[in-house]
>>> print(open('query_16.cif').read())   # mmCIF, N, CA, C and O atoms
data_final
#
loop_
_atom_site.label_atom_id
_atom_site.label_comp_id
_atom_site.auth_asym_id
_atom_site.auth_seq_id
_atom_site.Cartn_x
_atom_site.Cartn_y
_atom_site.Cartn_z
N MET A 1 0.84 -1.18 0.00
CA MET A 1 0.00 0.00 0.00
C MET A 1 0.89 1.25 0.00
O MET A 1 1.82 1.36 0.78
N GLU A 2 0.60 2.14 -0.88
CA GLU A 2 1.37 3.38 -0.97
C GLU A 2 0.65 4.49 -0.23
O GLU A 2 -0.57 4.61 -0.28
N TRP A 3 1.40 5.29 0.47
CA TRP A 3 0.86 6.41 1.24
C TRP A 3 1.18 7.71 0.51
O TRP A 3 2.30 8.21 0.61
N PRO A 4 0.23 8.29 -0.23
CA PRO A 4 0.53 9.51 -0.99
C PRO A 4 0.89 10.68 -0.07
O PRO A 4 1.61 11.59 -0.48
N PHE A 5 0.42 10.66 1.17
CA PHE A 5 0.75 11.74 2.09
C PHE A 5 2.25 11.79 2.36
O PHE A 5 2.82 12.85 2.56
N LEU A 6 2.91 10.64 2.37
CA LEU A 6 4.33 10.57 2.70
C LEU A 6 5.23 10.72 1.48
O LEU A 6 6.43 10.46 1.58
N SER A 7 4.71 11.17 0.37
CA SER A 7 5.55 11.36 -0.80
C SER A 7 6.45 12.58 -0.59
O SER A 7 6.16 13.49 0.18
N LYS A 8 7.59 12.56 -1.26
CA LYS A 8 8.57 13.64 -1.13
C LYS A 8 7.95 14.99 -1.49
O LYS A 8 8.10 15.98 -0.77
N THR A 9 7.22 15.04 -2.59
CA THR A 9 6.61 16.28 -3.04
C THR A 9 5.62 16.83 -2.02
O THR A 9 5.64 18.03 -1.71
N ASN A 10 4.80 15.96 -1.47
CA ASN A 10 3.80 16.42 -0.50
C ASN A 10 4.47 16.92 0.78
O ASN A 10 4.07 17.96 1.32
N LEU A 11 5.47 16.20 1.28
CA LEU A 11 6.14 16.63 2.51
C LEU A 11 6.86 17.97 2.32
O LEU A 11 6.85 18.83 3.20
N ILE A 12 7.48 18.16 1.16
CA ILE A 12 8.14 19.44 0.88
C ILE A 12 7.11 20.56 0.80
O ILE A 12 7.32 21.66 1.31
N ASN A 13 5.96 20.29 0.18
CA ASN A 13 4.90 21.30 0.11
C ASN A 13 4.38 21.66 1.51
O ASN A 13 4.13 22.84 1.80
N ILE A 14 4.23 20.67 2.37
CA ILE A 14 3.77 20.93 3.74
C ILE A 14 4.79 21.80 4.47
O ILE A 14 4.43 22.77 5.14
N LEU A 15 6.07 21.44 4.37
CA LEU A 15 7.11 22.24 5.02
C LEU A 15 7.13 23.67 4.48
O LEU A 15 7.29 24.63 5.24
N ASP A 16 6.96 23.80 3.18
CA ASP A 16 6.94 25.13 2.58
C ASP A 16 5.76 25.95 3.08
O ASP A 16 5.90 27.13 3.41
N GLN A 17 4.59 25.34 3.18
CA GLN A 17 3.40 26.05 3.64
C GLN A 17 3.49 26.40 5.12
O GLN A 17 2.93 27.41 5.55
N GLN A 18 4.15 25.59 5.89
CA GLN A 18 4.24 25.82 7.34
C GLN A 18 5.39 26.74 7.72
O GLN A 18 5.48 27.17 8.86
N SER A 19 6.27 27.06 6.78
CA SER A 19 7.44 27.86 7.13
C SER A 19 7.06 29.24 7.67
O SER A 19 7.70 29.74 8.60
N ALA A 20 6.02 29.85 7.14
CA ALA A 20 5.60 31.16 7.65
C ALA A 20 5.08 31.05 9.08
O ALA A 20 5.40 31.89 9.93
N ILE A 21 4.33 30.01 9.36
CA ILE A 21 3.82 29.81 10.73
C ILE A 21 4.97 29.55 11.68
O ILE A 21 5.00 30.07 12.80
N LEU A 22 5.95 28.76 11.25
CA LEU A 22 7.11 28.50 12.09
C LEU A 22 7.92 29.76 12.34
O LEU A 22 8.44 29.97 13.44
N ALA A 23 8.03 30.61 11.34
CA ALA A 23 8.75 31.87 11.52
C ALA A 23 8.03 32.77 12.53
O ALA A 23 8.66 33.41 13.38
N ILE A 24 6.72 32.80 12.45
CA ILE A 24 5.94 33.60 13.41
C ILE A 24 6.09 33.03 14.81
O ILE A 24 6.25 33.77 15.79
N ALA A 25 6.06 31.71 14.93
CA ALA A 25 6.23 31.08 16.24
C ALA A 25 7.62 31.37 16.80
O ALA A 25 7.76 31.64 18.00
N ALA A 26 8.63 31.33 15.95
CA ALA A 26 9.99 31.64 16.42
C ALA A 26 10.08 33.09 16.87
O ALA A 26 10.72 33.40 17.87
N ALA A 27 9.43 33.98 16.14
CA ALA A 27 9.44 35.39 16.54
C ALA A 27 8.70 35.58 17.85
O ALA A 27 9.13 36.37 18.71
N GLY A 28 7.61 34.86 18.05
CA GLY A 28 6.88 34.94 19.31
C GLY A 28 7.70 34.44 20.47
O GLY A 28 7.70 35.01 21.56
N ARG A 29 8.45 33.40 20.25
CA ARG A 29 9.34 32.88 21.28
C ARG A 29 10.44 33.90 21.56
O ARG A 29 10.85 34.10 22.68
N SER A 30 10.91 34.56 20.53
CA SER A 30 11.97 35.55 20.70
C SER A 30 11.50 36.73 21.54
O SER A 30 12.29 37.31 22.27
N CYS A 31 10.25 37.07 21.42
CA CYS A 31 9.72 38.18 22.22
C CYS A 31 9.70 37.84 23.70
O CYS A 31 9.76 38.74 24.54
N SER A 32 9.61 36.56 24.02
CA SER A 32 9.62 36.16 25.41
C SER A 32 10.98 36.36 26.05
O SER A 32 11.09 36.68 27.22
N TRP A 33 12.04 36.14 25.25
CA TRP A 33 13.40 36.32 25.73
C TRP A 33 14.14 37.20 24.74
O TRP A 33 14.78 36.72 23.80
N PRO A 34 14.08 38.51 24.91
CA PRO A 34 14.64 39.44 23.91
C PRO A 34 16.13 39.25 23.66
O PRO A 34 16.60 39.51 22.56
N GLU A 35 16.89 38.78 24.64
CA GLU A 35 18.33 38.64 24.44
C GLU A 35 18.66 37.56 23.41
O GLU A 35 19.74 37.54 22.84
N ASP A 36 17.73 36.65 23.13
CA ASP A 36 17.95 35.57 22.17
C ASP A 36 17.29 35.82 20.82
O ASP A 36 17.36 34.97 19.95
N SER A 37 16.65 36.96 20.62
CA SER A 37 15.80 37.15 19.46
C SER A 37 16.54 37.00 18.14
O SER A 37 16.07 36.32 17.24
N THR A 38 17.69 37.59 18.01
CA THR A 38 18.43 37.51 16.75
C THR A 38 18.97 36.11 16.54
O THR A 38 18.93 35.57 15.44
N PHE A 39 19.43 35.49 17.60
CA PHE A 39 20.04 34.18 17.49
C PHE A 39 19.04 33.11 17.09
O PHE A 39 19.35 32.23 16.29
N VAL A 40 17.84 33.18 17.64
CA VAL A 40 16.80 32.20 17.29
C VAL A 40 16.48 32.29 15.81
O VAL A 40 16.37 31.28 15.11
N GLY A 41 16.33 33.49 15.30
CA GLY A 41 16.05 33.67 13.88
C GLY A 41 17.18 33.16 13.00
O GLY A 41 16.94 32.59 11.93
N ALA A 42 18.41 33.35 13.45
CA ALA A 42 19.56 32.88 12.68
C ALA A 42 19.60 31.36 12.62
O ALA A 42 19.87 30.77 11.57
N ILE A 43 19.32 30.70 13.74
CA ILE A 43 19.31 29.24 13.76
C ILE A 43 18.19 28.71 12.88
O ILE A 43 18.36 27.76 12.12
N TYR A 44 17.02 29.34 12.98
CA TYR A 44 15.89 28.94 12.16
C TYR A 44 16.22 29.08 10.67
O TYR A 44 15.95 28.19 9.87
N GLY A 45 16.82 30.20 10.32
CA GLY A 45 17.20 30.42 8.92
C GLY A 45 18.21 29.40 8.43
O GLY A 45 18.10 28.88 7.32
N LEU A 46 19.21 29.12 9.26
CA LEU A 46 20.22 28.14 8.88
C LEU A 46 19.61 26.75 8.70
O LEU A 46 19.88 26.07 7.71
N ALA A 47 18.77 26.34 9.63
CA ALA A 47 18.13 25.02 9.53
C ALA A 47 17.23 24.94 8.30
O ALA A 47 17.17 23.90 7.63
N THR A 48 16.56 26.04 7.97
CA THR A 48 15.69 26.08 6.78
C THR A 48 16.50 25.91 5.50
O THR A 48 16.13 25.15 4.61
N VAL A 49 17.61 26.63 5.41
CA VAL A 49 18.46 26.54 4.22
C VAL A 49 19.05 25.14 4.08
O VAL A 49 19.04 24.56 2.99
N VAL A 50 19.54 24.60 5.17
CA VAL A 50 20.12 23.25 5.13
C VAL A 50 19.08 22.22 4.71
O VAL A 50 19.33 21.39 3.84
N SER A 51 17.88 22.30 5.29
CA SER A 51 16.86 21.32 4.93
C SER A 51 16.43 21.46 3.47
O SER A 51 16.17 20.47 2.79
N GLY A 52 16.37 22.69 2.99
CA GLY A 52 16.01 22.90 1.58
C GLY A 52 17.04 22.34 0.63
O GLY A 52 16.71 21.71 -0.38
N GLU A 53 18.31 22.55 0.97
CA GLU A 53 19.39 22.02 0.12
C GLU A 53 19.41 20.49 0.15
O GLU A 53 19.59 19.85 -0.87
N VAL A 54 19.23 19.92 1.31
CA VAL A 54 19.24 18.46 1.43
C VAL A 54 18.03 17.87 0.72
O VAL A 54 18.13 16.82 0.07
N ALA A 55 16.88 18.52 0.79
CA ALA A 55 15.66 18.01 0.17
C ALA A 55 15.76 17.94 -1.35
O ALA A 55 15.08 17.13 -1.98
N GLU A 56 16.60 18.76 -1.93
CA GLU A 56 16.76 18.72 -3.38
C GLU A 56 17.44 17.45 -3.86
O GLU A 56 17.26 17.04 -5.00
N HIS A 57 18.24 16.84 -2.99
CA HIS A 57 19.03 15.68 -3.41
C HIS A 57 18.69 14.39 -2.67
O HIS A 57 19.14 13.33 -3.08
N HIS A 58 17.92 14.50 -1.59
CA HIS A 58 17.60 13.32 -0.78
C HIS A 58 16.12 13.34 -0.43
O HIS A 58 15.39 14.25 -0.83
N SER A 59 15.70 12.37 0.35
CA SER A 59 14.29 12.30 0.73
C SER A 59 13.94 13.40 1.72
O SER A 59 14.81 13.99 2.37
N ALA A 60 12.65 13.65 1.84
CA ALA A 60 12.17 14.69 2.77
C ALA A 60 12.50 14.32 4.20
O ALA A 60 12.77 15.19 5.03
N TRP A 61 12.49 13.03 4.52
CA TRP A 61 12.81 12.60 5.89
C TRP A 61 14.25 12.93 6.24
O TRP A 61 14.54 13.34 7.37
N ILE A 62 15.15 12.76 5.30
CA ILE A 62 16.55 13.10 5.54
C ILE A 62 16.69 14.61 5.70
O ILE A 62 17.45 15.10 6.54
N ALA A 63 15.93 15.39 4.93
CA ALA A 63 15.96 16.84 5.04
C ALA A 63 15.45 17.31 6.40
O ALA A 63 16.03 18.21 7.02
N ILE A 64 14.39 16.67 6.87
CA ILE A 64 13.86 17.02 8.20
C ILE A 64 14.88 16.68 9.28
O ILE A 64 15.13 17.47 10.20
N ALA A 65 15.49 15.52 9.16
CA ALA A 65 16.51 15.11 10.13
C ALA A 65 17.70 16.06 10.10
O ALA A 65 18.24 16.42 11.15
N ALA A 66 18.09 16.51 8.91
CA ALA A 66 19.20 17.46 8.80
C ALA A 66 18.88 18.77 9.51
O ALA A 66 19.72 19.33 10.22
N ALA A 67 17.66 19.27 9.32
CA ALA A 67 17.27 20.52 9.99
C ALA A 67 17.28 20.36 11.50
O ALA A 67 17.75 21.24 12.23
N LEU A 68 16.77 19.24 11.98
CA LEU A 68 16.76 18.99 13.43
C LEU A 68 18.18 18.87 13.98
O LEU A 68 18.49 19.39 15.06
N LEU A 69 19.05 18.20 13.23
CA LEU A 69 20.44 18.06 13.67
C LEU A 69 21.17 19.40 13.68
O LEU A 69 21.98 19.66 14.58
N VAL A 70 20.88 20.25 12.71
CA VAL A 70 21.50 21.58 12.69
C VAL A 70 21.06 22.37 13.93
O VAL A 70 21.87 22.96 14.63
N GLY A 71 19.76 22.38 14.19
CA GLY A 71 19.26 23.09 15.36
C GLY A 71 19.82 22.55 16.65
O GLY A 71 20.24 23.29 17.54
N LEU A 72 19.87 21.23 16.77
CA LEU A 72 20.40 20.59 17.95
C LEU A 72 21.90 20.88 18.10
O LEU A 72 22.38 21.23 19.19
N GLY A 73 22.62 20.77 17.00
CA GLY A 73 24.06 21.02 17.04
C GLY A 73 24.41 22.44 17.45
O GLY A 73 25.25 22.66 18.32
N VAL A 74 23.75 23.40 16.84
CA VAL A 74 24.01 24.80 17.19
C VAL A 74 23.60 25.06 18.63
O VAL A 74 24.30 25.76 19.37
N GLY A 75 22.49 24.50 19.05
CA GLY A 75 22.04 24.68 20.42
C GLY A 75 23.00 24.11 21.44
O GLY A 75 23.29 24.72 22.46
N LEU A 76 23.56 22.94 21.14
CA LEU A 76 24.52 22.32 22.07
C LEU A 76 25.82 23.10 22.11
O LEU A 76 26.43 23.23 23.18
N VAL A 77 26.26 23.60 20.97
CA VAL A 77 27.52 24.35 20.92
C VAL A 77 27.40 25.68 21.66
O VAL A 77 28.34 26.11 22.33
N THR A 78 26.27 26.33 21.56
CA THR A 78 26.12 27.66 22.13
C THR A 78 25.68 27.69 23.58
O THR A 78 25.73 28.73 24.23
N GLU A 79 25.18 26.60 24.09
CA GLU A 79 24.71 26.60 25.49
C GLU A 79 25.80 26.33 26.44
O GLU A 79 26.73 25.93 26.54
#
>>> encode(input="query_16.cif", output="structure tokens")
Amino acid sequence: MEWPFLSKTNLINILDQQSAILAIAAAGRSCSWPEDSTFVGAIYGLATVVSGEVAEHHSAWIAIAAALLVGLGVGLVTE
């Protein structure tokens, strides 16, 4: 049985459509802690670019994992 929801094209479209909501959520989180506002946006931007580049050559699942690893890596290094 094939799951059309889990196709690469559909997952990329979902991520693309949700990116604006995620940016707004990140900005809302930044307002809670003003000292981190620029840094949160920078990490979000970096993870977005990395996932987009990876998604062009690999599956959407690998792109999602890459974005999570970038966020986790930067978070661990900076804390």
>>> closest_residue(input="query_16.cif", among="A:Ile43, A:Leu11, A:Ile62, A:Ala55", to="Gly75 in chain A", atoms="all atoms listed in the file")
A:Ile43
>>> closest_residue(input="query_16.cif", among="A:Gly41, A:Ser59, A:Ile64, A:Leu69", to="Lys8 in chain A", atoms="only C-alpha atoms")
A:Ser59
>>> atom_distance(input="query_16.cif", atom1="CA of Ile12 in chain A", atom2="CA of Ser51 in chain A")
9.8 Å
>>> atom_distance(input="query_16.cif", atom1="atom N of Leu46 in chain A", atom2="CA of Pro4 in chain A")
29.0 Å
>>> residues_around(input="query_16.cif", residues="Ala47 in chain A", least_positions_apart="3", cutoff="7 Å", atoms="only N, CA, C and O atoms", output="PyMOL selection string")
chain A and resi 41-44+50-53+63+66-68+70-71
>>> atom_distance(input="query_16.cif", atom1="atom C of Ser7 in chain A", atom2="atom C of His58 in chain A")
9.7 Å
